[in-house]
There are 2 protein chains.
Amino acid sequence: MKKINGGVTTPLGWMAAGVHCGIKRERLDLALLYSEQPTLGACVYTQNRMRAAPIEFMVARKGDNIRAFVVNSGNANAITGQQGLEDARRMADLTAKALNIDVSEVGVSSTGVIGRYLPMEKISAGIAMAAEELARGSKANHRAAQAILTTDKVIKEAAMQVTLKDGTVVTVAGMAKGSGMISPSMKAQHATTLSFITTDAVLTRSPEPQWQEAIDKSFNVINVDGDQSTNDISVFMANGAAGGPPVDDNAEFWNAVTKVVQSLAKQVVTDGEGATKLIELKVIGAKDTADARRAGRWIISSSLVKTAVFGADPNFGRVLAALGNSGSEFNIERVRLTIGTGDSSIVLFERGRPQLQPCSEGEVEARKLLSQKRIVMALDLGVGKGQAEAWGCDLSYEYVKINAEYTT
Amino acid sequence: MKKINGGVTTPLGWMAAGVHCGIKRERLDLALLYSEQPTLGACVYTQNRMRAAPIEFMVARKGDNIRAFVVNSGNANAITGQQGLEDARRMADLTAKALNIDVSEVGVSSTGVIGRYLPMEKISAGIAMAAEELARGSKANHRAAQAILTTDKVIKEAAMQVTLKDGTVVTVAGMAKGSGMISPSMKAQHATTLSFITTDAVLTRSPEPQWQEAIDKSFNVINVDGDQSTNDISVFMANGAAGGPPVDDNAEFWNAVTKVVQSLAKQVVTDGEGATKLIELKVIGAKDTADARRAGRWIISSSLVKTAVFGADPNFGRVLAALGNSGSEFNIERVRLTIGTGDSSIVLFERGRPQLQPCSEGEVEARKLLSQKRIVMALDLGVGKGQAEAWGCDLSYEYVKINAEYTT
């Protein structure tokens with residue numbers, strides 16, 4: 001298994017395009033992804049009960065054979081009622097016609113401002129343009145990855161290659177967007193971060209369990225602002241173009257898929273609205289995995305923890321206060337909180353007592369660690385063997401600015 | 001029932017003091033509250049599992065006969081292990097001795113930075129000073145109310161008077177603090193906002209059910225930053241000094257108590273860290289009261305809703321997205337969201353469709369309403385008769401500044 005530079009069209013048989021159709025003022029706003037062959041795959045969707053129209057549309061179909069995905073940015077087509085649902089359906093129809101495939105093979109996704117109707121004339125022209133521009137290669141990858149962005153500052157791509165036993169090389173690649181309204185909790189059949197993973201590996205049955213597991217270890221552990229979106233979706237599509245033996249039970253292959261979505265999830269949180277730092281928290285010693293995940297998520301979602309990290313303030317009490325609110329079990333006498341890695345790590349709390357006194361050397365060191373771009377924290381709950389990671393970002397002035405002025 | 005100007009010593013038989021003992025650099029940091037007579041009362045505490053030492057200390061006792069309360073600010077005595085617990089106990093002992101009452105009649109509370117040991121010499125000197133300075137009247141009220149503050153900008157006081165059937169006038173008064181780490185969910189026997197309510201009315205049995213109800217309609221509906229504190233406590237103490245008939249079942253009296261705590265809770269949220277606006281959300285048409293409370297709380301806790309209000313941006317989709325995340329039931333075809341009151345209110349969402357189009361006159365009006373200091377929103381979930389209020393504040397640059405620099 002090796003990491004490569006690549007994007008959604010790096011796996012064989014995949015094409016992509018990104019165009020500007022006028023939803024946004026200047027930037028690319030419509031992406032199209034297309035496999036020359038039929039596919040087998042799986043989708044996970046947001047669990048927000050206020051699901052956007054394209055999510056409703058997708059949930060109502062099986063979604064295991066999507067070979068073309070049309071995505072617009074700049075407008076989420078969310079909370080738009082019956083008309084929104086008809087617009088989502090029409091996006092699929094127009095795409096099916098432009099590509100001469102069955103409408104059941106077309107996926108639809110939208111991201112952007114909530115509560116406005118889609119400008120369907122522009123979308124219709126955009127789909128026609130995008131179908132014309134479909135291509136392979138890094139330019140196509142980048143344009144598609146660009147066209148799905150909203151408040152993101154950078155595109156998010158990742159790719160891995162695995163060599164199978166018979167020598168076949170299969171590729172897994174993906175693109176994602178997401179910067180604000182990021183607190184995904186995606187479930188199969190029910191997952192605004194968007195991510196699209198393509199592969200040319202051969203599958204013989206639904207990859208849903210493996211896909212859910214990969215998402216639970218990646219997008220479902222990140223948090224920017226605690227607001228789960230109406231539009232989250234993560235899609236996995238395999239077209240088998242590389243040939244070779246099926247990978248359904250190939251652990252290395254699924255490991256590569258997990259690495260691709262983990263890379264994308266970290267890119268999303270690093271580009272979180274206003275983020276200046278990435279927080280990587282590892283929770284160990286929990287009662288079980290669910291408890292570890294809940295504690296991790298609660299802590300990285302705390303506004304007080306996030307502002308302390310922004311201010312490089314070793315105010316570790318906020319981490320433990322957030323743990324207390326999570327509902328996860330802990331034994332305070334055995335709780336241990338550290339920041340940093342290896343030799344340079346510092347114990348903040350241990351044996352029921354704070355370990356860092358005001359104005360101590362340790363506090364100065366802790367401030368240094370908290371001034372870096374990547375903050376690593378480890379928290380032992382002291383009650384069991386459950387463990388999980390959680391990735392978040394700090395809360396800065398810029399977050400407030402972006403979100404106070406979003407629709408204006 | 002009438003509103004009056006007053007504070008904790010306005011009811012008969014109550015005295016108070018606020019002193020500076022050196023926990024903070026300059027400001028008052030230790031308050032003492034004392035009733036000349038024995039009392040009957042009730043406490044509610046935070047449900048955060050990481051309870052501060054003074055909360056542990058209080059939970060372990062019955063807490064229905066507290067006639068003296070010592071409160072320090074500047075240090076929360078939270079996550080301080082066995083030593084913290086001993087320090088809390090010692091605060092009670094010192095206070096009991098200074099006032100010559102039984103230690104079982106003394107309540108202890110702390111607020112401030114988490115994870116540091118209390119400076120017990122300073123506290124000990126402060127208790128002695130405060131016991132000397134105990135007094136009645138507005139100066140004593142203000143000094144006590146000042147001494148419990150942390151990042152608050154203003155003191156919070158409220159008072160009401162009720163005339164009983166026999167002509168006896170009873171007074172209910174209170175003081176509170178709270179600006180950040182405000183997301184209280186206080187339960188009897190298990191409630192960092194602190195509030196202390198005094199009255200001279202006569203009670204004959206534990207007021208716990210009525211007190212819980214008053215808290216559920218006041219402090220438990222407010223939110224500043226979603227982080228429930230380790231130190232929240234709300235205390236109700238009746239000393240009977242006014243005489244007259246018992247008020248255990250007097251609806252007007254409990255209504256007055258509710259008005260006092262509601263006033264204090266609104267003062268807390270209005271003075272929320274960095275807050276520039278008060279958000280009053282009324283949820284109606286919910287399946288039941290619990291669902292209405294959950295929806296309201298989720299919405300006023302959303303960073304995206306709060307930043308939109310700060311930016312005076314009628315981005316109502318964020319309100320509905322937060323509703324979707326709350327888990328509360330709604331019927332989207334019957335959901336109705338308005339802002340403003342009476343004739344000047346504007347419908348943002350109705351009949352499954354957004355009612356405000358970009359750049360419309362309505363949008364301009366909505367922006368005007370959102371530019372005021374008090375934002376009133378009403379949300380009908382369209383499924384039942386449950387209703388509740390939720391009060392929050394916006395999320396501003398100042399919130400980030402305060403919390404990025406709190407311990408420094």
# chains A, B, ... in the order shown; residues from 1 in each chain; ligands from 1

$ select_by_dssp --residues "stretch 236-378 of chain B" --states "helix (DSSP H, G or I)" --output "PyMOL selection string"
chain B and resi 251-270+289-301+303-310+317-326+342-344+361-370

$ residues_around --residues "B:Asn231" --least-positions-apart "2" --cutoff "8 Å" --atoms "only C-alpha atoms" --output "PDB file with C-alpha atoms, in the first residue's frame"
ATOM      1  CA  TYR B  45     -26.497  21.444  41.282  1.00  0.00           C
ATOM      2  CA  THR B  46     -24.711  20.885  37.979  1.00  0.00           C
ATOM      3  CA  ARG B  51     -18.175  18.094  39.809  1.00  0.00           C
ATOM      4  CA  ALA B  52     -16.131  20.695  41.600  1.00  0.00           C
ATOM      5  CA  PRO B  54     -17.651  22.491  46.761  1.00  0.00           C
ATOM      6  CA  ILE B  55     -20.400  20.784  44.746  1.00  0.00           C
ATOM      7  CA  ALA B  76     -13.352  27.203  41.044  1.00  0.00           C
ATOM      8  CA  ALA B  78     -12.618  22.143  40.599  1.00  0.00           C
ATOM      9  CA  SER B 109     -19.542  27.627  46.499  1.00  0.00           C
ATOM     10  CA  SER B 110     -16.603  28.545  44.274  1.00  0.00           C
ATOM     11  CA  THR B 111     -16.233  29.926  40.756  1.00  0.00           C
ATOM     12  CA  ALA B 191     -27.005  22.931  39.031  1.00  0.00           C
ATOM     13  CA  THR B 192     -20.691  27.983  36.527  1.00  0.00           C
ATOM     14  CA  THR B 193     -23.750  29.869  37.133  1.00  0.00           C
ATOM     15  CA  LEU B 194     -24.324  30.592  40.775  1.00  0.00           C
ATOM     16  CA  SER B 229     -19.930  24.059  34.269  1.00  0.00           C
ATOM     17  CA  ILE B 233     -25.445  25.862  41.897  1.00  0.00           C
TER      18      ILE B 233
END

$ residues_around --residues "B:Lys97" --least-positions-apart "3" --cutoff "12 Å" --atoms "only C-alpha atoms" --output "PyMOL selection string"
chain B and resi 68+90-94+100-106+124+127-128+131

$ residues_around --residues "B:Ala265" --least-positions-apart "3" --cutoff "12 Å" --atoms "only C-alpha atoms" --output "PyMOL selection string"
chain B and resi 156-158+174-179+182-184+193-196+214-224+234+258-262+268-272+278+280+390-393

$ write_last_selection --atoms "N, CA and C atoms" --output "tab-separated table (two decimals), in the first residue's frame"
chain	number	residue	atom	x	y	z
B	156	LYS	N	-25.86	41.02	39.02
B	156	LYS	CA	-27.23	40.59	38.69
B	156	LYS	C	-28.04	40.49	39.97
B	157	GLU	N	-29.09	41.27	40.07
B	157	GLU	CA	-29.97	41.24	41.23
B	157	GLU	C	-31.42	41.31	40.77
B	158	ALA	N	-32.32	40.77	41.57
B	158	ALA	CA	-33.75	40.89	41.28
B	158	ALA	C	-34.50	40.71	42.58
B	174	GLY	N	-32.77	37.90	44.97
B	174	GLY	CA	-31.68	37.02	44.59
B	174	GLY	C	-30.54	37.76	43.94
B	175	MET	N	-29.38	37.07	43.93
B	175	MET	CA	-28.24	37.55	43.17
B	175	MET	C	-27.71	36.36	42.38
B	176	ALA	N	-27.04	36.64	41.27
B	176	ALA	CA	-26.50	35.57	40.44
B	176	ALA	C	-25.22	36.05	39.78
B	177	LYS	N	-24.43	35.07	39.34
B	177	LYS	CA	-23.28	35.40	38.50
B	177	LYS	C	-23.29	34.42	37.34
B	178	GLY	N	-22.57	34.74	36.30
B	178	GLY	CA	-22.47	33.82	35.19
B	178	GLY	C	-22.29	34.60	33.92
B	179	SER	N	-21.29	34.19	33.14
B	179	SER	CA	-21.04	34.89	31.89
B	179	SER	C	-20.54	33.89	30.85
B	182	ILE	N	-21.66	28.62	30.38
B	182	ILE	CA	-23.06	28.70	30.79
B	182	ILE	C	-23.91	27.81	29.90
B	183	SER	N	-24.28	26.69	30.42
B	183	SER	CA	-25.24	25.82	29.75
B	183	SER	C	-25.83	24.95	30.84
B	184	PRO	N	-26.43	25.60	31.83
B	184	PRO	CA	-26.81	24.87	33.03
B	184	PRO	C	-27.91	23.85	32.78
B	193	THR	N	-23.10	28.68	36.69
B	193	THR	CA	-23.75	29.87	37.13
B	193	THR	C	-24.14	29.65	38.58
B	194	LEU	N	-23.93	30.68	39.38
B	194	LEU	CA	-24.32	30.59	40.78
B	194	LEU	C	-25.52	31.51	40.98
B	195	SER	N	-26.48	31.08	41.77
B	195	SER	CA	-27.52	32.03	42.14
B	195	SER	C	-28.02	31.71	43.54
B	196	PHE	N	-28.32	32.76	44.26
B	196	PHE	CA	-28.69	32.67	45.66
B	196	PHE	C	-29.96	33.47	45.86
B	214	ALA	N	-39.10	26.13	39.15
B	214	ALA	CA	-38.67	27.50	38.87
B	214	ALA	C	-37.35	27.51	38.09
B	215	ILE	N	-36.42	26.60	38.46
B	215	ILE	CA	-35.13	26.52	37.78
B	215	ILE	C	-35.30	26.01	36.34
B	216	ASP	N	-36.21	25.05	36.16
B	216	ASP	CA	-36.47	24.53	34.82
B	216	ASP	C	-37.04	25.59	33.89
B	217	LYS	N	-37.66	26.62	34.47
B	217	LYS	CA	-38.23	27.70	33.65
B	217	LYS	C	-37.30	28.90	33.58
B	218	SER	N	-36.11	28.81	34.13
B	218	SER	CA	-35.23	29.99	34.15
B	218	SER	C	-33.79	29.58	33.80
B	219	PHE	N	-32.99	29.22	34.80
B	219	PHE	CA	-31.59	28.92	34.51
B	219	PHE	C	-31.43	27.74	33.56
B	220	ASN	N	-32.34	26.77	33.64
B	220	ASN	CA	-32.18	25.61	32.77
B	220	ASN	C	-32.60	25.86	31.32
B	221	VAL	N	-33.05	27.06	30.97
B	221	VAL	CA	-33.37	27.36	29.57
B	221	VAL	C	-32.36	28.32	28.95
B	222	ILE	N	-31.29	28.66	29.68
B	222	ILE	CA	-30.34	29.60	29.09
B	222	ILE	C	-29.07	28.89	28.63
B	223	ASN	N	-28.37	29.53	27.72
B	223	ASN	CA	-27.15	28.97	27.19
B	223	ASN	C	-26.27	30.09	26.66
B	224	VAL	N	-25.02	30.10	27.08
B	224	VAL	CA	-24.07	31.04	26.48
B	224	VAL	C	-23.16	30.29	25.52
B	234	SER	N	-27.69	26.61	42.34
B	234	SER	CA	-28.74	27.59	42.61
B	234	SER	C	-29.37	27.23	43.94
B	258	THR	N	-40.32	32.47	40.70
B	258	THR	CA	-39.98	32.18	39.30
B	258	THR	C	-39.58	33.45	38.58
B	259	LYS	N	-40.31	34.55	38.83
B	259	LYS	CA	-39.98	35.83	38.17
B	259	LYS	C	-38.58	36.30	38.60
B	260	VAL	N	-38.24	36.11	39.85
B	260	VAL	CA	-36.91	36.54	40.32
B	260	VAL	C	-35.82	35.73	39.62
B	261	VAL	N	-35.97	34.40	39.56
B	261	VAL	CA	-34.90	33.61	38.92
B	261	VAL	C	-34.90	33.81	37.40
B	262	GLN	N	-36.08	34.06	36.81
B	262	GLN	CA	-36.10	34.35	35.38
B	262	GLN	C	-35.37	35.65	35.08
B	268	VAL	N	-28.02	37.05	33.34
B	268	VAL	CA	-26.80	36.26	33.10
B	268	VAL	C	-26.54	36.13	31.61
B	269	VAL	N	-27.58	35.79	30.84
B	269	VAL	CA	-27.36	35.55	29.43
B	269	VAL	C	-27.10	36.86	28.67
B	270	THR	N	-27.72	37.95	29.15
B	270	THR	CA	-27.48	39.26	28.53
B	270	THR	C	-26.03	39.68	28.76
B	271	ASP	N	-25.48	39.25	29.90
B	271	ASP	CA	-24.08	39.56	30.21
B	271	ASP	C	-23.17	38.39	29.81
B	272	GLY	N	-23.67	37.49	28.94
B	272	GLY	CA	-22.86	36.37	28.47
B	272	GLY	C	-21.56	36.88	27.88
B	278	LEU	N	-29.46	39.71	23.19
B	278	LEU	CA	-30.21	38.67	23.88
B	278	LEU	C	-31.15	38.00	22.88
B	280	GLU	N	-34.39	35.62	22.57
B	280	GLU	CA	-35.49	34.98	23.26
B	280	GLU	C	-36.26	34.13	22.26
B	390	ALA	N	-36.44	29.49	25.47
B	390	ALA	CA	-34.98	29.32	25.56
B	390	ALA	C	-34.36	30.68	25.34
B	391	TRP	N	-33.39	31.02	26.18
B	391	TRP	CA	-32.76	32.33	26.08
B	391	TRP	C	-31.26	32.17	25.87
B	392	GLY	N	-30.76	32.83	24.85
B	392	GLY	CA	-29.34	32.75	24.56
B	392	GLY	C	-28.78	34.10	24.17
B	393	CYS	N	-27.54	34.07	23.68
B	393	CYS	CA	-26.92	35.31	23.24
B	393	CYS	C	-26.12	35.02	21.98

$ closest_atom_pairs --of "chain A" --to "chain B" --cutoff "8 Å" --atoms "only C-alpha atoms" --output "JSON lines"
{"residue": "A:Gln47", "atom": "CA", "partner": "B:Asn325", "partner_atom": "CA", "distance": 7.7}
{"residue": "A:Asn48", "atom": "CA", "partner": "B:Asn325", "partner_atom": "CA", "distance": 4.9}
{"residue": "A:Arg49", "atom": "CA", "partner": "B:Gly324", "partner_atom": "CA", "distance": 4.4}
{"residue": "A:Met50", "atom": "CA", "partner": "B:Gly324", "partner_atom": "CA", "distance": 4.3}
{"residue": "A:Arg51", "atom": "CA", "partner": "B:Gly324", "partner_atom": "CA", "distance": 7.7}
{"residue": "A:Ala78", "atom": "CA", "partner": "B:Gly317", "partner_atom": "CA", "distance": 7.9}
{"residue": "A:Ile79", "atom": "CA", "partner": "B:Arg353", "partner_atom": "CA", "distance": 6.7}
{"residue": "A:Thr80", "atom": "CA", "partner": "B:Arg353", "partner_atom": "CA", "distance": 5.4}
{"residue": "A:Gly81", "atom": "CA", "partner": "B:Gly352", "partner_atom": "CA", "distance": 5.1}
{"residue": "A:Gln82", "atom": "CA", "partner": "B:Gly352", "partner_atom": "CA", "distance": 7.8}
{"residue": "A:Val113", "atom": "CA", "partner": "B:Gly317", "partner_atom": "CA", "distance": 7.9}
{"residue": "A:Ile114", "atom": "CA", "partner": "B:Gly317", "partner_atom": "CA", "distance": 5.0}
{"residue": "A:Gly115", "atom": "CA", "partner": "B:Gly317", "partner_atom": "CA", "distance": 5.4}
{"residue": "A:Arg116", "atom": "CA", "partner": "B:Pro354", "partner_atom": "CA", "distance": 7.0}
{"residue": "A:Met181", "atom": "CA", "partner": "B:Leu304", "partner_atom": "CA", "distance": 7.4}
{"residue": "A:Asp225", "atom": "CA", "partner": "B:Ser303", "partner_atom": "CA", "distance": 6.5}
{"residue": "A:Gly226", "atom": "CA", "partner": "B:Ser302", "partner_atom": "CA", "distance": 7.4}
{"residue": "A:Asp227", "atom": "CA", "partner": "B:Ser302", "partner_atom": "CA", "distance": 6.5}
{"residue": "A:Gln228", "atom": "CA", "partner": "B:Asn325", "partner_atom": "CA", "distance": 6.6}
{"residue": "A:Ser229", "atom": "CA", "partner": "B:Ala321", "partner_atom": "CA", "distance": 6.8}
{"residue": "A:Thr230", "atom": "CA", "partner": "B:Ala321", "partner_atom": "CA", "distance": 6.1}
{"residue": "A:Ser302", "atom": "CA", "partner": "B:Asp227", "partner_atom": "CA", "distance": 6.4}
{"residue": "A:Ser303", "atom": "CA", "partner": "B:Asp225", "partner_atom": "CA", "distance": 6.4}
{"residue": "A:Leu304", "atom": "CA", "partner": "B:Asn403", "partner_atom": "CA", "distance": 6.5}
{"residue": "A:Thr307", "atom": "CA", "partner": "B:Ala404", "partner_atom": "CA", "distance": 4.8}
{"residue": "A:Ala308", "atom": "CA", "partner": "B:Ala404", "partner_atom": "CA", "distance": 4.8}
{"residue": "A:Val309", "atom": "CA", "partner": "B:Ala404", "partner_atom": "CA", "distance": 7.3}
{"residue": "A:Phe310", "atom": "CA", "partner": "B:Ala404", "partner_atom": "CA", "distance": 6.0}
{"residue": "A:Gly311", "atom": "CA", "partner": "B:Ala404", "partner_atom": "CA", "distance": 4.0}
{"residue": "A:Ala312", "atom": "CA", "partner": "B:Ala404", "partner_atom": "CA", "distance": 7.4}
{"residue": "A:Asp313", "atom": "CA", "partner": "B:Ala404", "partner_atom": "CA", "distance": 6.8}
{"residue": "A:Asn315", "atom": "CA", "partner": "B:Thr407", "partner_atom": "CA", "distance": 7.0}
{"residue": "A:Phe316", "atom": "CA", "partner": "B:Gly115", "partner_atom": "CA", "distance": 7.5}
{"residue": "A:Gly317", "atom": "CA", "partner": "B:Ile114", "partner_atom": "CA", "distance": 5.0}
{"residue": "A:Arg318", "atom": "CA", "partner": "B:Ile114", "partner_atom": "CA", "distance": 7.3}
{"residue": "A:Leu320", "atom": "CA", "partner": "B:Met50", "partner_atom": "CA", "distance": 7.0}
{"residue": "A:Ala321", "atom": "CA", "partner": "B:Met50", "partner_atom": "CA", "distance": 5.9}
{"residue": "A:Ala322", "atom": "CA", "partner": "B:Asp227", "partner_atom": "CA", "distance": 6.9}
{"residue": "A:Leu323", "atom": "CA", "partner": "B:Met50", "partner_atom": "CA", "distance": 7.4}
{"residue": "A:Gly324", "atom": "CA", "partner": "B:Met50", "partner_atom": "CA", "distance": 4.3}
{"residue": "A:Asn325", "atom": "CA", "partner": "B:Asn48", "partner_atom": "CA", "distance": 4.9}
{"residue": "A:Gly327", "atom": "CA", "partner": "B:Arg49", "partner_atom": "CA", "distance": 7.1}
{"residue": "A:Gly352", "atom": "CA", "partner": "B:Gly81", "partner_atom": "CA", "distance": 5.1}
{"residue": "A:Arg353", "atom": "CA", "partner": "B:Thr80", "partner_atom": "CA", "distance": 5.4}
{"residue": "A:Pro354", "atom": "CA", "partner": "B:Gly115", "partner_atom": "CA", "distance": 5.7}
{"residue": "A:Gln357", "atom": "CA", "partner": "B:Arg116", "partner_atom": "CA", "distance": 7.3}
{"residue": "A:Leu395", "atom": "CA", "partner": "B:Val400", "partner_atom": "CA", "distance": 7.1}
{"residue": "A:Ser396", "atom": "CA", "partner": "B:Val400", "partner_atom": "CA", "distance": 6.2}
{"residue": "A:Tyr397", "atom": "CA", "partner": "B:Tyr397", "partner_atom": "CA", "distance": 5.2}
{"residue": "A:Val400", "atom": "CA", "partner": "B:Thr307", "partner_atom": "CA", "distance": 6.0}
{"residue": "A:Lys401", "atom": "CA", "partner": "B:Tyr397", "partner_atom": "CA", "distance": 7.7}
{"residue": "A:Asn403", "atom": "CA", "partner": "B:Thr307", "partner_atom": "CA", "distance": 5.5}
{"residue": "A:Ala404", "atom": "CA", "partner": "B:Gly311", "partner_atom": "CA", "distance": 4.0}
{"residue": "A:Glu405", "atom": "CA", "partner": "B:Gly311", "partner_atom": "CA", "distance": 6.0}
{"residue": "A:Tyr406", "atom": "CA", "partner": "B:Ala308", "partner_atom": "CA", "distance": 7.9}
{"residue": "A:Thr407", "atom": "CA", "partner": "B:Asn315", "partner_atom": "CA", "distance": 7.0}
{"residue": "A:Thr408", "atom": "CA", "partner": "B:Asp313", "partner_atom": "CA", "distance": 7.3}

$ write_last_selection --atoms "C-alpha atoms" --output "PDB file, in the first residue's frame"
ATOM      1  CA  GLN A  47     -28.515  12.012  10.502  1.00  0.00           C
ATOM      2  CA  ASN A  48     -29.888  15.536  10.852  1.00  0.00           C
ATOM      3  CA  ARG A  49     -33.683  15.150  10.706  1.00  0.00           C
ATOM      4  CA  MET A  50     -33.875  18.305   8.590  1.00  0.00           C
ATOM      5  CA  ARG A  51     -32.429  16.649   5.501  1.00  0.00           C
ATOM      6  CA  ALA A  78     -32.100  22.524   1.843  1.00  0.00           C
ATOM      7  CA  ILE A  79     -35.439  23.296   3.525  1.00  0.00           C
ATOM      8  CA  THR A  80     -36.874  24.006   0.086  1.00  0.00           C
ATOM      9  CA  GLY A  81     -39.907  21.702   0.281  1.00  0.00           C
ATOM     10  CA  GLN A  82     -41.488  19.951  -2.685  1.00  0.00           C
ATOM     11  CA  VAL A 113     -26.635  28.501   1.747  1.00  0.00           C
ATOM     12  CA  ILE A 114     -29.777  26.905   3.203  1.00  0.00           C
ATOM     13  CA  GLY A 115     -33.331  27.922   2.359  1.00  0.00           C
ATOM     14  CA  ARG A 116     -33.066  29.150  -1.203  1.00  0.00           C
ATOM     15  CA  MET A 181     -21.305  23.279   9.779  1.00  0.00           C
ATOM     16  CA  ASP A 225     -18.530  23.796  15.057  1.00  0.00           C
ATOM     17  CA  GLY A 226     -20.873  21.178  16.464  1.00  0.00           C
ATOM     18  CA  ASP A 227     -23.549  21.868  13.874  1.00  0.00           C
ATOM     19  CA  GLN A 228     -24.327  18.745  11.898  1.00  0.00           C
ATOM     20  CA  SER A 229     -25.262  19.740   8.396  1.00  0.00           C
ATOM     21  CA  THR A 230     -28.470  19.097   6.485  1.00  0.00           C
ATOM     22  CA  SER A 302     -16.288  22.500  23.412  1.00  0.00           C
ATOM     23  CA  SER A 303     -16.101  26.204  22.592  1.00  0.00           C
ATOM     24  CA  LEU A 304     -14.056  26.731  25.745  1.00  0.00           C
ATOM     25  CA  THR A 307     -10.772  29.055  22.359  1.00  0.00           C
ATOM     26  CA  ALA A 308      -8.145  27.947  24.910  1.00  0.00           C
ATOM     27  CA  VAL A 309      -6.245  26.183  22.109  1.00  0.00           C
ATOM     28  CA  PHE A 310      -6.568  29.287  19.933  1.00  0.00           C
ATOM     29  CA  GLY A 311      -5.083  31.319  22.788  1.00  0.00           C
ATOM     30  CA  ALA A 312      -2.371  28.662  23.465  1.00  0.00           C
ATOM     31  CA  ASP A 313      -3.675  28.570  27.016  1.00  0.00           C
ATOM     32  CA  ASN A 315      -6.408  25.625  30.640  1.00  0.00           C
ATOM     33  CA  PHE A 316      -6.755  21.835  30.876  1.00  0.00           C
ATOM     34  CA  GLY A 317      -9.643  22.093  33.329  1.00  0.00           C
ATOM     35  CA  ARG A 318     -11.867  22.849  30.356  1.00  0.00           C
ATOM     36  CA  LEU A 320     -11.958  17.672  31.945  1.00  0.00           C
ATOM     37  CA  ALA A 321     -15.108  19.776  32.343  1.00  0.00           C
ATOM     38  CA  ALA A 322     -16.077  18.772  28.788  1.00  0.00           C
ATOM     39  CA  LEU A 323     -15.350  15.135  29.646  1.00  0.00           C
ATOM     40  CA  GLY A 324     -17.698  15.492  32.599  1.00  0.00           C
ATOM     41  CA  ASN A 325     -20.454  16.697  30.279  1.00  0.00           C
ATOM     42  CA  GLY A 327     -21.644  11.322  29.921  1.00  0.00           C
ATOM     43  CA  GLY A 352      -6.787  13.039  40.698  1.00  0.00           C
ATOM     44  CA  ARG A 353      -4.694  16.180  40.794  1.00  0.00           C
ATOM     45  CA  PRO A 354      -3.605  18.962  38.439  1.00  0.00           C
ATOM     46  CA  GLN A 357       1.063  24.906  38.619  1.00  0.00           C
ATOM     47  CA  LEU A 395     -12.198  28.678  17.480  1.00  0.00           C
ATOM     48  CA  SER A 396     -10.842  31.983  16.249  1.00  0.00           C
ATOM     49  CA  TYR A 397     -11.991  35.523  15.480  1.00  0.00           C
ATOM     50  CA  VAL A 400     -17.003  34.516  13.922  1.00  0.00           C
ATOM     51  CA  LYS A 401     -16.266  36.801  10.981  1.00  0.00           C
ATOM     52  CA  ASN A 403     -20.249  33.099   9.948  1.00  0.00           C
ATOM     53  CA  ALA A 404     -21.535  36.523  10.835  1.00  0.00           C
ATOM     54  CA  GLU A 405     -21.215  37.511   7.182  1.00  0.00           C
ATOM     55  CA  TYR A 406     -21.986  34.299   5.322  1.00  0.00           C
ATOM     56  CA  THR A 407     -25.037  35.209   3.232  1.00  0.00           C
ATOM     57  CA  THR A 408     -24.223  38.877   2.892  1.00  0.00           C
TER      58      THR A 408
END

$ atom_distance --atom1 "atom CA of B:Val247" --atom2 "atom CA of B:Val235"
17.5 Å

$ select_by_dssp --residues "stretch 69-284 of chain B" --states "strand (DSSP E)" --output "ChimeraX atom specification"
/B:69-75,106-113,156-163,169-177,187-188,194-199,222-223,233-238,278-284

$ residues_around --residues "A:Lys368" --least-positions-apart "2" --cutoff "10 Å" --atoms "only C-alpha atoms" --output "JSON, numbers by chain"
{"A": [312, 313, 314, 340, 362, 363, 364, 365, 366, 370, 371, 372]}

$ atom_distance --atom1 "atom CA of B:Phe57" --atom2 "atom CA of B:Val108"
7.9 Å

$ residues_around --residues "A:Ala130" --least-positions-apart "2" --cutoff "8 Å" --atoms "only C-alpha atoms" --output "PyMOL selection string"
chain A and resi 17-19+30-32+126-128+132-134

$ residues_around --residues "B:Ser35" --least-positions-apart "3" --cutoff "8 Å" --atoms "only C-alpha atoms" --output "list in words"
Gly13, Trp14, Met15, Pro38, Thr39, Arg67, Ala68 and Asn239 of chain B
